[in-house]
Structure formats: structure tokens, C-alpha cells
file start.cif (mmCIF, C-alpha atoms and all ligand atoms)
data_start
#
loop_
_atom_site.label_atom_id
_atom_site.label_comp_id
_atom_site.auth_asym_id
_atom_site.auth_seq_id
_atom_site.Cartn_x
_atom_site.Cartn_y
_atom_site.Cartn_z
CA MET N 1 0.00 0.00 0.00
CA VAL N 2 1.36 3.41 -0.98
CA THR N 3 2.00 5.59 2.07
CA ILE N 4 2.35 9.34 2.56
CA ARG N 5 6.07 8.73 3.10
CA ASP N 6 6.38 7.16 -0.39
CA VAL N 7 4.79 10.28 -1.86
CA ALA N 8 7.11 12.59 0.11
CA THR N 9 10.25 10.67 -0.95
CA LYS N 10 9.34 10.63 -4.64
CA ALA N 11 8.30 14.30 -4.59
CA GLY N 12 11.44 15.29 -2.67
CA VAL N 13 9.54 17.01 0.13
CA SER N 14 8.76 16.28 3.79
CA VAL N 15 5.76 14.22 4.99
CA ALA N 16 4.45 17.40 6.65
CA THR N 17 4.47 19.18 3.28
CA VAL N 18 2.50 16.35 1.64
CA SER N 19 0.03 16.47 4.58
CA ARG N 20 -0.39 20.22 4.14
CA VAL N 21 -1.05 19.80 0.41
CA ILE N 22 -3.62 17.03 1.05
CA ASN N 23 -5.42 19.09 3.72
CA ASN N 24 -5.25 22.35 1.75
CA LYS N 25 -3.27 23.94 4.57
CA GLY N 26 -1.39 26.70 2.65
CA GLN N 27 2.39 27.39 3.03
CA ALA N 28 3.40 25.17 0.04
CA THR N 29 4.53 26.87 -3.19
CA PRO N 30 2.38 26.28 -6.32
CA GLU N 31 5.29 24.30 -7.83
CA THR N 32 5.41 22.05 -4.76
CA VAL N 33 1.63 21.56 -4.76
CA THR N 34 1.72 20.59 -8.45
CA LYS N 35 4.65 18.20 -7.89
CA VAL N 36 3.00 16.51 -4.90
CA LEU N 37 -0.35 16.11 -6.66
CA GLU N 38 1.40 14.61 -9.72
CA VAL N 39 3.20 12.06 -7.52
CA ILE N 40 -0.05 11.22 -5.63
CA LYS N 41 -1.69 10.51 -8.99
CA GLU N 42 1.31 8.59 -10.33
CA LEU N 43 1.55 6.33 -7.23
CA GLY N 44 -2.22 6.08 -6.74
CA TYR N 45 -1.95 7.23 -3.10
CA LYS N 46 -5.21 7.23 -1.12
CA PRO N 47 -5.07 9.43 2.03
CA ASN N 48 -5.97 7.47 5.18
CA VAL N 49 -9.22 9.09 6.35
CA VAL N 50 -8.67 8.20 10.00
CA ALA N 51 -5.06 9.49 9.87
CA ARG N 52 -6.28 12.65 8.16
CA SER N 53 -8.94 13.16 10.78
CA LEU N 54 -6.25 12.83 13.46
CA THR N 55 -4.31 15.73 11.91
CA SER N 56 -7.09 17.98 10.68
CA ARG N 57 -9.73 16.77 13.19
CA LYS N 58 -12.09 16.66 10.20
CA SER N 59 -13.51 13.49 8.69
CA ASN N 60 -16.33 14.83 6.49
CA THR N 61 -18.62 12.63 8.54
CA ILE N 62 -21.59 13.46 10.74
CA ALA N 63 -23.40 11.17 13.17
CA LEU N 64 -27.20 10.84 13.27
CA PHE N 65 -28.67 9.40 16.49
CA VAL N 66 -32.16 7.86 16.22
CA PRO N 67 -34.16 6.13 18.99
CA THR N 68 -35.16 3.13 16.86
CA ILE N 69 -34.88 1.85 13.31
CA SER N 70 -38.12 -0.16 13.38
CA ASN N 71 -40.48 2.79 12.92
CA PRO N 72 -40.78 4.17 9.32
CA PHE N 73 -40.77 7.70 10.74
CA PHE N 74 -37.01 7.59 11.38
CA PRO N 75 -35.75 6.34 7.98
CA GLU N 76 -37.79 9.14 6.35
CA LEU N 77 -36.19 11.63 8.77
CA ALA N 78 -32.74 10.18 8.02
CA ARG N 79 -33.39 10.53 4.28
CA GLY N 80 -33.73 14.30 4.67
CA VAL N 81 -30.48 14.46 6.66
CA GLU N 82 -28.64 12.20 4.21
CA ASP N 83 -29.66 14.02 1.03
CA VAL N 84 -28.33 17.31 2.37
CA ALA N 85 -25.21 15.72 3.88
CA HIS N 86 -24.27 14.07 0.58
CA SER N 87 -24.85 17.32 -1.32
CA TYR N 88 -22.05 18.79 0.82
CA GLY N 89 -19.80 15.74 0.46
CA PHE N 90 -20.46 14.41 3.98
CA ASN N 91 -21.04 10.80 5.02
CA ILE N 92 -23.33 9.70 7.86
CA PHE N 93 -22.79 7.38 10.83
CA LEU N 94 -26.29 6.14 11.77
CA CYS N 95 -26.45 5.39 15.52
CA ASN N 96 -29.51 3.53 16.83
CA THR N 97 -29.70 4.21 20.58
CA ASP N 98 -32.94 2.29 21.27
CA ASP N 99 -33.47 5.29 23.53
CA GLU N 100 -31.15 3.60 26.04
CA ARG N 101 -28.82 5.86 28.04
CA THR N 102 -25.95 3.32 28.01
CA LYS N 103 -25.99 3.01 24.21
CA MET N 104 -26.24 6.77 23.89
CA LYS N 105 -23.19 7.33 26.14
CA ASN N 106 -21.14 4.65 24.34
CA TYR N 107 -21.85 6.25 20.98
CA LEU N 108 -21.06 9.76 22.26
CA ASP N 109 -17.77 8.64 23.84
CA SER N 110 -16.59 6.66 20.79
CA LEU N 111 -17.58 9.34 18.29
CA ARG N 112 -15.71 12.05 20.21
CA ASP N 113 -12.48 10.12 19.53
CA ARG N 114 -13.26 9.64 15.87
CA TYR N 115 -13.45 13.36 15.09
CA VAL N 116 -16.92 13.40 13.57
CA ASP N 117 -17.56 16.91 12.29
CA GLY N 118 -21.03 17.23 13.82
CA ILE N 119 -23.93 15.30 15.39
CA ILE N 120 -27.71 15.35 14.92
CA ILE N 121 -29.45 13.78 17.90
CA ASN N 122 -33.03 12.53 18.10
CA SER N 123 -33.23 11.07 21.60
CA LEU N 124 -34.88 11.39 24.97
CA ASN N 125 -31.77 10.33 26.85
CA LEU N 126 -29.71 13.35 25.99
CA THR N 127 -28.58 15.70 28.75
CA ASN N 128 -27.42 19.30 28.78
CA LYS N 129 -24.03 18.00 29.93
CA ASP N 130 -23.74 15.80 26.81
CA LEU N 131 -24.35 18.81 24.59
CA GLU N 132 -21.99 21.06 26.58
CA GLN N 133 -19.22 18.40 26.31
CA LEU N 134 -19.69 18.08 22.54
CA HIS N 135 -19.56 21.87 22.24
CA SER N 136 -16.39 22.08 24.32
CA HIS N 137 -14.80 19.44 22.05
CA GLY N 138 -15.64 21.59 19.03
CA ILE N 139 -18.32 19.17 17.78
CA PRO N 140 -21.53 21.05 16.85
CA ALA N 141 -24.80 19.27 17.68
CA VAL N 142 -28.41 19.83 16.64
CA THR N 143 -31.30 18.14 18.47
CA LEU N 144 -34.19 16.95 16.33
CA ASP N 145 -37.79 15.91 17.00
CA ARG N 146 -37.45 14.41 20.53
CA THR N 147 -35.72 17.36 22.06
CA PHE N 148 -35.94 19.13 25.39
CA SER N 149 -36.45 22.85 25.25
CA THR N 150 -34.27 23.67 28.26
CA HIS N 151 -30.97 23.35 26.38
CA LYS N 152 -29.49 26.41 24.66
CA PHE N 153 -28.31 24.63 21.50
CA SER N 154 -30.04 24.46 18.10
CA SER N 155 -33.14 22.29 17.94
CA ILE N 156 -35.79 21.46 15.35
CA THR N 157 -39.12 19.88 16.20
CA VAL N 158 -42.85 20.38 15.45
CA LYS N 159 -45.86 21.76 17.33
CA HIS N 160 -46.80 18.46 18.99
CA ARG N 161 -49.42 19.87 21.38
CA LEU N 162 -51.14 21.86 18.62
CA GLY N 163 -51.19 18.75 16.42
CA ALA N 164 -52.97 16.78 19.14
CA GLN N 165 -55.50 19.60 19.53
CA LEU N 166 -56.18 19.55 15.77
CA ALA N 167 -56.75 15.77 15.89
CA THR N 168 -59.05 15.85 18.91
CA LYS N 169 -61.03 18.89 17.75
CA HIS N 170 -61.58 17.17 14.40
CA LEU N 171 -63.07 14.13 16.18
CA ILE N 172 -65.34 16.44 18.19
CA ASP N 173 -66.35 18.36 15.06
CA ILE N 174 -67.44 15.19 13.22
CA GLY N 175 -69.74 14.32 16.14
CA CYS N 176 -67.73 11.92 18.34
CA LYS N 177 -69.16 11.98 21.87
CA ARG N 178 -66.65 9.81 23.76
CA ILE N 179 -63.04 10.24 22.63
CA GLY N 180 -60.14 8.21 23.97
CA LEU N 181 -56.37 8.69 23.70
CA ILE N 182 -53.66 6.13 23.04
CA ARG N 183 -50.53 7.78 24.48
CA GLY N 184 -46.92 7.32 23.49
CA PRO N 185 -44.23 6.49 26.11
CA GLU N 186 -44.58 8.37 29.41
CA ASP N 187 -40.97 9.64 29.24
CA ASP N 188 -41.23 10.82 25.62
CA SER N 189 -41.50 14.60 25.46
CA THR N 190 -43.35 14.48 22.13
CA ALA N 191 -45.90 11.99 23.51
CA VAL N 192 -46.42 14.05 26.67
CA GLN N 193 -47.11 17.21 24.63
CA ARG N 194 -49.63 15.29 22.52
CA MET N 195 -51.33 14.00 25.67
CA TRP N 196 -51.73 17.61 26.88
CA GLY N 197 -53.09 18.64 23.48
CA TYR N 198 -55.76 15.93 23.73
CA ARG N 199 -56.60 16.90 27.34
CA ASP N 200 -56.87 20.58 26.33
CA CYS N 201 -59.86 19.58 24.20
CA VAL N 202 -61.68 17.07 26.46
CA LYS N 203 -60.91 18.17 30.02
CA GLU N 204 -64.16 20.19 30.29
CA TYR N 205 -66.43 17.24 29.40
CA ASP N 206 -68.07 15.58 32.42
CA TRP N 207 -67.39 12.11 31.00
CA PHE N 208 -63.62 12.64 30.89
CA ASP N 209 -61.22 11.11 33.38
CA GLN N 210 -57.84 9.34 33.26
CA THR N 211 -59.46 6.02 32.24
CA TRP N 212 -60.02 7.43 28.75
CA MET N 213 -56.25 7.41 28.21
CA ALA N 214 -54.33 4.18 27.52
CA LEU N 215 -50.52 4.05 27.67
CA GLY N 216 -48.85 2.74 24.49
CA ASP N 217 -45.22 2.69 23.39
CA PHE N 218 -45.55 3.94 19.78
CA SER N 219 -45.59 0.32 18.45
CA VAL N 220 -48.29 -1.31 16.30
CA LYS N 221 -48.89 -3.98 18.98
CA SER N 222 -49.39 -1.39 21.73
CA GLY N 223 -52.02 0.33 19.58
CA TYR N 224 -53.90 -2.99 19.28
CA LEU N 225 -53.66 -3.77 23.01
CA CYS N 226 -54.55 -0.23 24.12
CA MET N 227 -57.66 -0.13 21.93
CA LYS N 228 -58.86 -3.44 23.42
CA GLU N 229 -58.26 -1.92 26.87
CA LEU N 230 -60.30 1.17 25.96
CA PHE N 231 -63.15 -0.97 24.56
CA GLN N 232 -63.24 -2.95 27.82
CA ARG N 233 -63.20 0.20 29.96
CA HIS N 234 -65.58 2.23 27.80
CA PRO N 235 -67.71 0.24 25.29
CA ASP N 236 -69.36 3.56 24.31
CA ILE N 237 -66.09 5.01 22.93
CA ASP N 238 -66.70 6.38 19.41
CA GLY N 239 -63.49 8.32 18.66
CA VAL N 240 -59.80 7.77 19.35
CA PHE N 241 -56.65 9.85 18.86
CA ALA N 242 -53.57 7.63 18.57
CA SER N 243 -50.32 9.52 19.30
CA ASN N 244 -48.60 8.01 16.27
CA ASP N 245 -49.61 6.25 13.05
CA LEU N 246 -48.18 2.84 13.99
CA MET N 247 -50.51 2.65 17.01
CA ALA N 248 -53.40 3.85 14.83
CA ILE N 249 -52.63 0.98 12.44
CA GLY N 250 -52.56 -1.48 15.34
CA LEU N 251 -55.91 -0.37 16.76
CA LEU N 252 -57.66 -1.14 13.46
CA LYS N 253 -57.28 -4.85 14.29
CA ALA N 254 -58.90 -4.34 17.70
CA ALA N 255 -61.80 -2.43 16.09
CA TYR N 256 -62.25 -5.29 13.62
CA GLU N 257 -62.23 -7.91 16.42
CA TRP N 258 -64.78 -5.89 18.42
CA GLY N 259 -66.99 -5.54 15.37
CA ARG N 260 -66.73 -1.74 15.31
CA LYS N 261 -67.18 -0.10 11.90
CA VAL N 262 -64.55 2.57 11.14
CA PRO N 263 -65.34 5.51 10.87
CA ASP N 264 -69.10 5.33 11.60
CA GLU N 265 -68.84 3.56 14.99
CA LEU N 266 -65.22 4.43 15.76
CA SER N 267 -63.42 7.37 14.14
CA ILE N 268 -59.62 7.42 14.22
CA VAL N 269 -56.84 10.00 13.86
CA GLY N 270 -53.12 9.17 14.07
CA PHE N 271 -49.95 11.32 14.13
CA ASP N 272 -46.84 11.45 11.90
CA GLY N 273 -48.07 11.04 8.33
CA ILE N 274 -45.86 8.06 7.53
CA ASP N 275 -46.45 6.68 4.03
CA MET N 276 -48.01 3.45 5.37
CA SER N 277 -50.96 5.31 6.96
CA GLN N 278 -52.58 5.85 3.55
CA TYR N 279 -52.57 2.14 2.64
CA THR N 280 -54.59 0.67 5.51
CA ILE N 281 -58.29 -0.23 5.13
CA PRO N 282 -59.65 2.34 5.68
CA PRO N 283 -56.80 4.84 5.15
CA ILE N 284 -56.02 6.68 8.38
CA SER N 285 -56.54 10.39 9.00
CA THR N 286 -53.39 11.77 10.60
CA ILE N 287 -51.46 14.80 11.75
CA ARG N 288 -48.67 15.04 9.23
CA GLN N 289 -45.23 16.09 10.42
CA PRO N 290 -42.85 17.59 7.82
CA ILE N 291 -40.59 14.58 8.43
CA TYR N 292 -38.22 14.85 5.45
CA GLU N 293 -38.12 18.64 5.77
CA MET N 294 -37.16 18.37 9.46
CA GLY N 295 -34.24 16.11 8.57
CA ARG N 296 -33.18 18.43 5.76
CA MET N 297 -33.35 21.51 8.00
CA ALA N 298 -31.39 19.80 10.79
CA MET N 299 -28.52 19.03 8.42
CA GLU N 300 -28.55 22.55 6.93
CA GLU N 301 -28.38 23.95 10.49
CA LEU N 302 -25.49 21.60 11.34
CA MET N 303 -23.62 22.75 8.22
CA ARG N 304 -24.13 26.36 9.31
CA LEU N 305 -22.77 25.63 12.79
CA MET N 306 -19.78 23.73 11.35
CA ARG N 307 -18.99 26.67 9.07
CA GLU N 308 -19.58 29.34 11.73
CA PRO N 309 -18.94 27.69 15.13
CA SER N 310 -19.46 30.90 17.08
CA SER N 311 -22.82 31.78 15.50
CA ASN N 312 -26.07 31.89 17.46
CA PHE N 313 -28.21 28.81 17.98
CA ILE N 314 -31.75 28.50 16.59
CA LYS N 315 -34.94 26.90 17.94
CA LYS N 316 -37.55 25.84 15.36
CA GLU N 317 -41.04 24.43 15.97
CA LEU N 318 -42.52 23.56 12.57
CA ASP N 319 -46.23 23.49 11.76
CA VAL N 320 -48.16 20.25 11.35
CA GLU N 321 -51.17 19.54 9.12
CA LEU N 322 -54.42 17.57 9.59
CA ILE N 323 -54.69 15.06 6.71
CA LEU N 324 -58.28 13.84 6.36
CA ARG N 325 -58.83 10.27 5.16
CA GLU N 326 -61.59 7.68 5.43
CA SER N 327 -60.90 6.68 9.07
CA SER N 328 -62.57 9.90 10.26
CA MET N 329 -64.94 10.79 7.43
CA ARG N 330 -68.41 10.27 8.89
O1 LIG U 1 -43.76 7.44 15.59
C1 LIG U 1 -42.62 7.75 16.34
C2 LIG U 1 -42.75 9.05 17.05
O2 LIG U 1 -41.53 9.29 17.71
C3 LIG U 1 -43.04 10.20 16.12
O3 LIG U 1 -44.27 10.78 16.41
C4 LIG U 1 -41.88 11.15 16.30
O4 LIG U 1 -42.29 12.45 16.70
C5 LIG U 1 -40.96 10.51 17.29
O5 LIG U 1 -40.74 11.28 18.40
#
call {"tool": "encode", "arguments": {"input": "start.cif", "output": "C-alpha cells"}}
result
Amino acid sequence: MVTIRDVATKAGVSVATVSRVINNKGQATPETVTKVLEVIKELGYKPNVVARSLTSRKSNTIALFVPTISNPFFPELARGVEDVAHSYGFNIFLCNTDDERTKMKNYLDSLRDRYVDGIIINSLNLTNKDLEQLHSHGIPAVTLDRTFSTHKFSSITVKHRLGAQLATKHLIDIGCKRIGLIRGPEDDSTAVQRMWGYRDCVKEYDWFDQTWMALGDFSVKSGYLCMKELFQRHPDIDGVFASNDLMAIGLLKAAYEWGRKVPDELSIVGFDGIDMSQYTIPPISTIRQPIYEMGRMAMEELMRLMREPSSNFIKKELDVELILRESSMR
């Protein structure tokens, strides 16, 4: 394998000079640059990316943390990040944390030593200290989607509480009299905001109490199990807001097993707007998040921070949209 030393010897310069030419670090005369580049081409030398990152602390690589890879929401989000990253010549390390603190810490520690140029983090298990440490190591970070508003760094998410209000108000407007909620995980900030958005709309009704809310985990199976639980608790339920589309898809099976006609006897609204939600029978009304756009914006913001490390941070809460389909068209 051709090494940087082979190039230096043939070009008649030092290894440091070859390194400066490779990393575009000035101080070499145009004649030297030309000579070194000719020798690199002649020998077919390929700079060692890890070695280069050790010198320049740049690897043209960013890391994207996601809390799971089994929900279609996250690949769509990653697509937005990746398309922008590749347009700037950056590669992506995809890190699936399973929303586990240990995995998160291991990734953060190992990436710090690999000189990634920046990190986009979608996770509940992030702390202010994690972000401060990345910042002090000169690694910009942007939080995305599942973010906590108390940190000072750049973040991009959507109006989760407003989206839940839109969903619940729609069910009220079409005539639903008893509306239940299938919540996402208790420790998930996005799920908690959606729970409050639902409660904003039903808290004044005399029928409402905590038993109209069932605790899911954003999975299809939890949607199925939670809907059965709500049917058992409240057979008169005639509307349900599921805090994500996968749980809305799962509850369709429970409605079928309980002999409830959707939408006439049970109207349904989900949240996310993943592609799959339009292919169920019936297609599911949902609160669409600008998923791809969020990923795109997060990567553009990370590029800005990498270019201008001392610039101000931004906080963005994007709008969501009620998409009406058959599951709530009475
Ligand atoms: O469906 C997965 C959910 O987790 C989405 O609603 C998204 O906001 C993420 O937080």
C-alpha cells in the first residue's frame, strides 16, 4: 500500500508538506503543490481518512442518532439528513440508541475520539451535559424531534401539542361523543405534549377522566392492546386519537375484532403522516409532520454551525397539518 512517506520521498519534500497539500493547509509553493499532486496521482496514493482526521480533526462525517430503526418515521427523517449531507460531500454514521442511556453514552464517547464533524441527535436520553461536552470538544450538535427545550443549543421539532389539539377537535367536530387517547411512552416529550393537546380539548367534558387514556409505546402492537383496553373500559367510545400512526394501524385490528365499523362507529386519527398510513383499510386520518423537511433543516443547520462555530443557535417548531382520510370521514 502506498503511504504518505512514499509520496514525500518521490516528490522530494517532507511528509508534513505532503500532509499540508492534502489538507489544503497553505504554506506550500504552487510548484510544490503541483509536484506533490502529480506524484499522488502517479503512485495512486489514497489518504488514510482516519489518519487525516487525526491531523485535521475533520472526517467529512456526521453522526445521526435515532431512537429506533423499526419505525418508518425515522428512515424518512434520516433521508432528509442524508440528502443534504451528501450534497455537501459528507457521510453519515447512523447510531440507533434504542433510547437507552448506556448506548447513547457509548456512541457519544466513541464518536468524540473519531473526530466526527457534527452530530444530529433525536433522543430522549440526551442531557445538557452531553451537549456542553460536545460543544467544548468543538463538535456542533443539533437536536431533532425528541428534544428538550431547556438546552441552549439548536433544535428542530414540530408543534406536537397543537397537532394533538387539531386531531381531537376534528373528532369532536365530526360528532364523536366519547373520545379516547392512546398515548406514546410516558418519558417521551413528544408523547407528553400530545397527551396535553388531547386533554386541552376534552378536560371540560363531564365524562372525561384518566381512564379514557391508555398508555402505548408507539408500536403497532401497543395500539392494538390499548384499543382493546379502551373498549373494555368504555364500550361507548366512538373516537380515538392515537399519538402516532403505527398505534393507529394497530388499533384497526382491535376495532375489527370488536366488530366496530370505522369511521361510523369508531373514528380514528393518528400522528406522523408516515407513508403506510394511507394504505390501511380504511386509510387513516393523521397529523402530518414535515418529516423529510425536518431532517433536511437539521442538516442545513449543522452545516451552518460547522462553518460558523461561534454563531447563534436557533430553535424551530414547525407546523403540522391535519390530513383527512376515510378513518374519520363520517
Ligand atoms: O412514531 C414515532 C414518534 O416518535 C413520532 O411521532 C416522532 O415524533 C418521534 O418522536
call {"tool": "closest_residue", "arguments": {"input": "start.cif", "among": "N:Val13, N:Met329, N:Ala298, N:Ala214", "to": "N:Asn122", "atoms": "all atoms listed in the file"}}
result
N:Ala298
call {"tool": "residues_near_ligand", "arguments": {"input": "start.cif", "ligand": "ligand LIG 1 (chain U)", "cutoff": "9 Å", "atoms": "only C-alpha atoms and all ligand atoms", "output": "ChimeraX atom specification"}}
result
/N:67-68,71-74,122-124,144-147,157-158,160,184,188-191,218-219,243-247,271-274,289,291
call {"tool": "closest_residue", "arguments": {"input": "start.cif", "among": "N:Val33, N:Ile249, N:Leu225, N:Leu230", "to": "N:Trp212", "atoms": "all atoms listed in the file"}}
result
N:Leu230
call {"tool": "atom_distance", "arguments": {"input": "start.cif", "atom1": "atom CA of N:Ser19", "atom2": "atom CA of N:Leu111"}}
result
23.4 Å
call {"tool": "atom_distance", "arguments": {"input": "start.cif", "atom1": "atom CA of N:Ala78", "atom2": "atom CA of N:Thr150"}}
result
24.4 Å
call {"tool": "atom_distance", "arguments": {"input": "start.cif", "atom1": "atom CA of N:Gly175", "atom2": "atom CA of N:Tyr198"}}
result
16.0 Å
call {"tool": "closest_residue", "arguments": {"input": "start.cif", "among": "N:Arg79, N:His137, N:Arg330, N:Arg199", "to": "N:Glu293", "atoms": "only C-alpha atoms"}}
result
N:Arg79
call {"tool": "residues_around", "arguments": {"input": "start.cif", "residues": "stretch 295-297 of chain N", "least_positions_apart": "3", "cutoff": "7 Å", "atoms": "all atoms listed in the file", "output": "list in words"}}
result
Leu77, Ala78, Gly80, Val81, Val84, Ile291, Tyr292, Glu300 and Glu301 of chain N
call {"tool": "residues_around", "arguments": {"input": "start.cif", "residues": "stretch 125-128 of chain N", "least_positions_apart": "6", "cutoff": "12 Å", "atoms": "all atoms listed in the file", "output": "ChimeraX atom specification"}}
result
/N:65-67,97-105,107-108,134-135,141-144,146-153,187-189
call {"tool": "residues_around", "arguments": {"input": "start.cif", "residues": "stretch 235-240 of chain N", "least_positions_apart": "2", "cutoff": "8 Å", "atoms": "all atoms listed in the file", "output": "ChimeraX atom specification"}}
result
/N:171,176-182,230-233,242,265-269
call {"tool": "closest_residue", "arguments": {"input": "start.cif", "among": "N:Pro140, N:Pro75, N:Pro290, N:Pro47", "to": "N:Ala63", "atoms": "only C-alpha atoms"}}
result
N:Pro140
call {"tool": "closest_residue", "arguments": {"input": "start.cif", "among": "N:Leu251, N:Met227, N:Val220, N:Ile174", "to": "N:Leu324", "atoms": "all atoms listed in the file"}}
result
N:Ile174
call {"tool": "axis_aligned_box", "arguments": {"input": "start.cif", "around": "stretch 187-193 of chain N", "padding_each_side": "4 Å", "output": "JSON"}}
result
{"center_x": -44.0, "center_y": 13.4, "center_z": 25.7, "size_x": 14.1, "size_y": 15.6, "size_z": 15.1}
call {"tool": "decode", "arguments": {"input": "start.cif", "residues": "stretch 297-307 of chain N", "atoms": "all heavy atoms", "output": "PDB file, in the first residue's frame"}}
result
ATOM      1  N   MET N 297     -33.654  20.260   7.271  1.00  0.00           N
ATOM      2  CA  MET N 297     -33.351  21.507   8.000  1.00  0.00           C
ATOM      3  C   MET N 297     -32.294  21.269   9.076  1.00  0.00           C
ATOM      4  O   MET N 297     -31.413  22.103   9.298  1.00  0.00           O
ATOM      5  CB  MET N 297     -34.619  22.063   8.641  1.00  0.00           C
ATOM      6  CG  MET N 297     -35.597  22.647   7.644  1.00  0.00           C
ATOM      7  SD  MET N 297     -37.098  23.239   8.459  1.00  0.00           S
ATOM      8  CE  MET N 297     -36.464  24.735   9.223  1.00  0.00           C
ATOM      9  N   ALA N 298     -32.368  20.100   9.727  1.00  0.00           N
ATOM     10  CA  ALA N 298     -31.392  19.802  10.790  1.00  0.00           C
ATOM     11  C   ALA N 298     -29.983  19.742  10.207  1.00  0.00           C
ATOM     12  O   ALA N 298     -29.021  20.268  10.781  1.00  0.00           O
ATOM     13  CB  ALA N 298     -31.754  18.484  11.469  1.00  0.00           C
ATOM     14  N   MET N 299     -29.857  19.143   9.027  1.00  0.00           N
ATOM     15  CA  MET N 299     -28.525  19.031   8.419  1.00  0.00           C
ATOM     16  C   MET N 299     -28.048  20.396   7.913  1.00  0.00           C
ATOM     17  O   MET N 299     -26.860  20.729   8.046  1.00  0.00           O
ATOM     18  CB  MET N 299     -28.552  18.008   7.279  1.00  0.00           C
ATOM     19  CG  MET N 299     -27.164  17.711   6.710  1.00  0.00           C
ATOM     20  SD  MET N 299     -26.033  17.021   7.961  1.00  0.00           S
ATOM     21  CE  MET N 299     -24.470  17.705   7.378  1.00  0.00           C
ATOM     22  N   GLU N 300     -28.946  21.191   7.364  1.00  0.00           N
ATOM     23  CA  GLU N 300     -28.549  22.552   6.931  1.00  0.00           C
ATOM     24  C   GLU N 300     -28.081  23.364   8.144  1.00  0.00           C
ATOM     25  O   GLU N 300     -27.081  24.083   8.075  1.00  0.00           O
ATOM     26  CB  GLU N 300     -29.740  23.278   6.266  1.00  0.00           C
ATOM     27  CG  GLU N 300     -30.145  22.764   4.894  1.00  0.00           C
ATOM     28  CD  GLU N 300     -29.135  23.106   3.780  1.00  0.00           C
ATOM     29  OE1 GLU N 300     -28.098  23.743   4.095  1.00  0.00           O
ATOM     30  OE2 GLU N 300     -29.400  22.725   2.637  1.00  0.00           O
ATOM     31  N   GLU N 301     -28.767  23.216   9.275  1.00  0.00           N
ATOM     32  CA  GLU N 301     -28.375  23.951  10.487  1.00  0.00           C
ATOM     33  C   GLU N 301     -27.017  23.456  10.972  1.00  0.00           C
ATOM     34  O   GLU N 301     -26.150  24.245  11.362  1.00  0.00           O
ATOM     35  CB  GLU N 301     -29.436  23.793  11.564  1.00  0.00           C
ATOM     36  CG  GLU N 301     -29.066  24.318  12.948  1.00  0.00           C
ATOM     37  CD  GLU N 301     -28.678  25.799  12.985  1.00  0.00           C
ATOM     38  OE1 GLU N 301     -28.834  26.518  11.965  1.00  0.00           O
ATOM     39  OE2 GLU N 301     -28.163  26.232  14.027  1.00  0.00           O
ATOM     40  N   LEU N 302     -26.790  22.143  10.899  1.00  0.00           N
ATOM     41  CA  LEU N 302     -25.494  21.601  11.342  1.00  0.00           C
ATOM     42  C   LEU N 302     -24.374  22.121  10.445  1.00  0.00           C
ATOM     43  O   LEU N 302     -23.294  22.490  10.925  1.00  0.00           O
ATOM     44  CB  LEU N 302     -25.525  20.075  11.335  1.00  0.00           C
ATOM     45  CG  LEU N 302     -24.330  19.388  11.982  1.00  0.00           C
ATOM     46  CD1 LEU N 302     -24.249  19.706  13.470  1.00  0.00           C
ATOM     47  CD2 LEU N 302     -24.384  17.886  11.768  1.00  0.00           C
ATOM     48  N   MET N 303     -24.633  22.209   9.134  1.00  0.00           N
ATOM     49  CA  MET N 303     -23.624  22.752   8.225  1.00  0.00           C
ATOM     50  C   MET N 303     -23.314  24.198   8.600  1.00  0.00           C
ATOM     51  O   MET N 303     -22.154  24.607   8.621  1.00  0.00           O
ATOM     52  CB  MET N 303     -24.128  22.696   6.772  1.00  0.00           C
ATOM     53  CG  MET N 303     -24.189  21.320   6.151  1.00  0.00           C
ATOM     54  SD  MET N 303     -22.626  20.407   6.217  1.00  0.00           S
ATOM     55  CE  MET N 303     -21.536  21.488   5.305  1.00  0.00           C
ATOM     56  N   ARG N 304     -24.343  24.947   8.939  1.00  0.00           N
ATOM     57  CA  ARG N 304     -24.134  26.364   9.315  1.00  0.00           C
ATOM     58  C   ARG N 304     -23.259  26.450  10.556  1.00  0.00           C
ATOM     59  O   ARG N 304     -22.293  27.224  10.612  1.00  0.00           O
ATOM     60  CB  ARG N 304     -25.490  27.040   9.566  1.00  0.00           C
ATOM     61  CG  ARG N 304     -25.432  28.537   9.839  1.00  0.00           C
ATOM     62  CD  ARG N 304     -26.807  29.121  10.143  1.00  0.00           C
ATOM     63  NE  ARG N 304     -27.263  28.702  11.467  1.00  0.00           N
ATOM     64  CZ  ARG N 304     -26.937  29.341  12.607  1.00  0.00           C
ATOM     65  NH1 ARG N 304     -26.135  30.393  12.562  1.00  0.00           N
ATOM     66  NH2 ARG N 304     -27.387  28.921  13.772  1.00  0.00           N
ATOM     67  N   LEU N 305     -23.547  25.604  11.536  1.00  0.00           N
ATOM     68  CA  LEU N 305     -22.768  25.627  12.790  1.00  0.00           C
ATOM     69  C   LEU N 305     -21.335  25.148  12.550  1.00  0.00           C
ATOM     70  O   LEU N 305     -20.389  25.629  13.175  1.00  0.00           O
ATOM     71  CB  LEU N 305     -23.447  24.745  13.843  1.00  0.00           C
ATOM     72  CG  LEU N 305     -24.815  25.239  14.358  1.00  0.00           C
ATOM     73  CD1 LEU N 305     -25.445  24.192  15.270  1.00  0.00           C
ATOM     74  CD2 LEU N 305     -24.677  26.577  15.097  1.00  0.00           C
ATOM     75  N   MET N 306     -21.149  24.210  11.627  1.00  0.00           N
ATOM     76  CA  MET N 306     -19.784  23.729  11.349  1.00  0.00           C
ATOM     77  C   MET N 306     -18.979  24.808  10.618  1.00  0.00           C
ATOM     78  O   MET N 306     -17.787  24.981  10.844  1.00  0.00           O
ATOM     79  CB  MET N 306     -19.832  22.443  10.509  1.00  0.00           C
ATOM     80  CG  MET N 306     -20.365  21.243  11.289  1.00  0.00           C
ATOM     81  SD  MET N 306     -20.112  19.652  10.460  1.00  0.00           S
ATOM     82  CE  MET N 306     -21.280  19.750   9.126  1.00  0.00           C
ATOM     83  N   ARG N 307     -19.685  25.589   9.808  1.00  0.00           N
ATOM     84  CA  ARG N 307     -18.991  26.669   9.075  1.00  0.00           C
ATOM     85  C   ARG N 307     -18.722  27.856   9.999  1.00  0.00           C
ATOM     86  O   ARG N 307     -17.678  28.485   9.926  1.00  0.00           O
ATOM     87  CB  ARG N 307     -19.856  27.137   7.889  1.00  0.00           C
ATOM     88  CG  ARG N 307     -19.780  26.274   6.641  1.00  0.00           C
ATOM     89  CD  ARG N 307     -20.356  27.010   5.428  1.00  0.00           C
ATOM     90  NE  ARG N 307     -21.754  27.378   5.637  1.00  0.00           N
ATOM     91  CZ  ARG N 307     -22.788  26.628   5.217  1.00  0.00           C
ATOM     92  NH1 ARG N 307     -22.549  25.494   4.595  1.00  0.00           N
ATOM     93  NH2 ARG N 307     -24.032  27.007   5.417  1.00  0.00           N
TER      94      ARG N 307
END
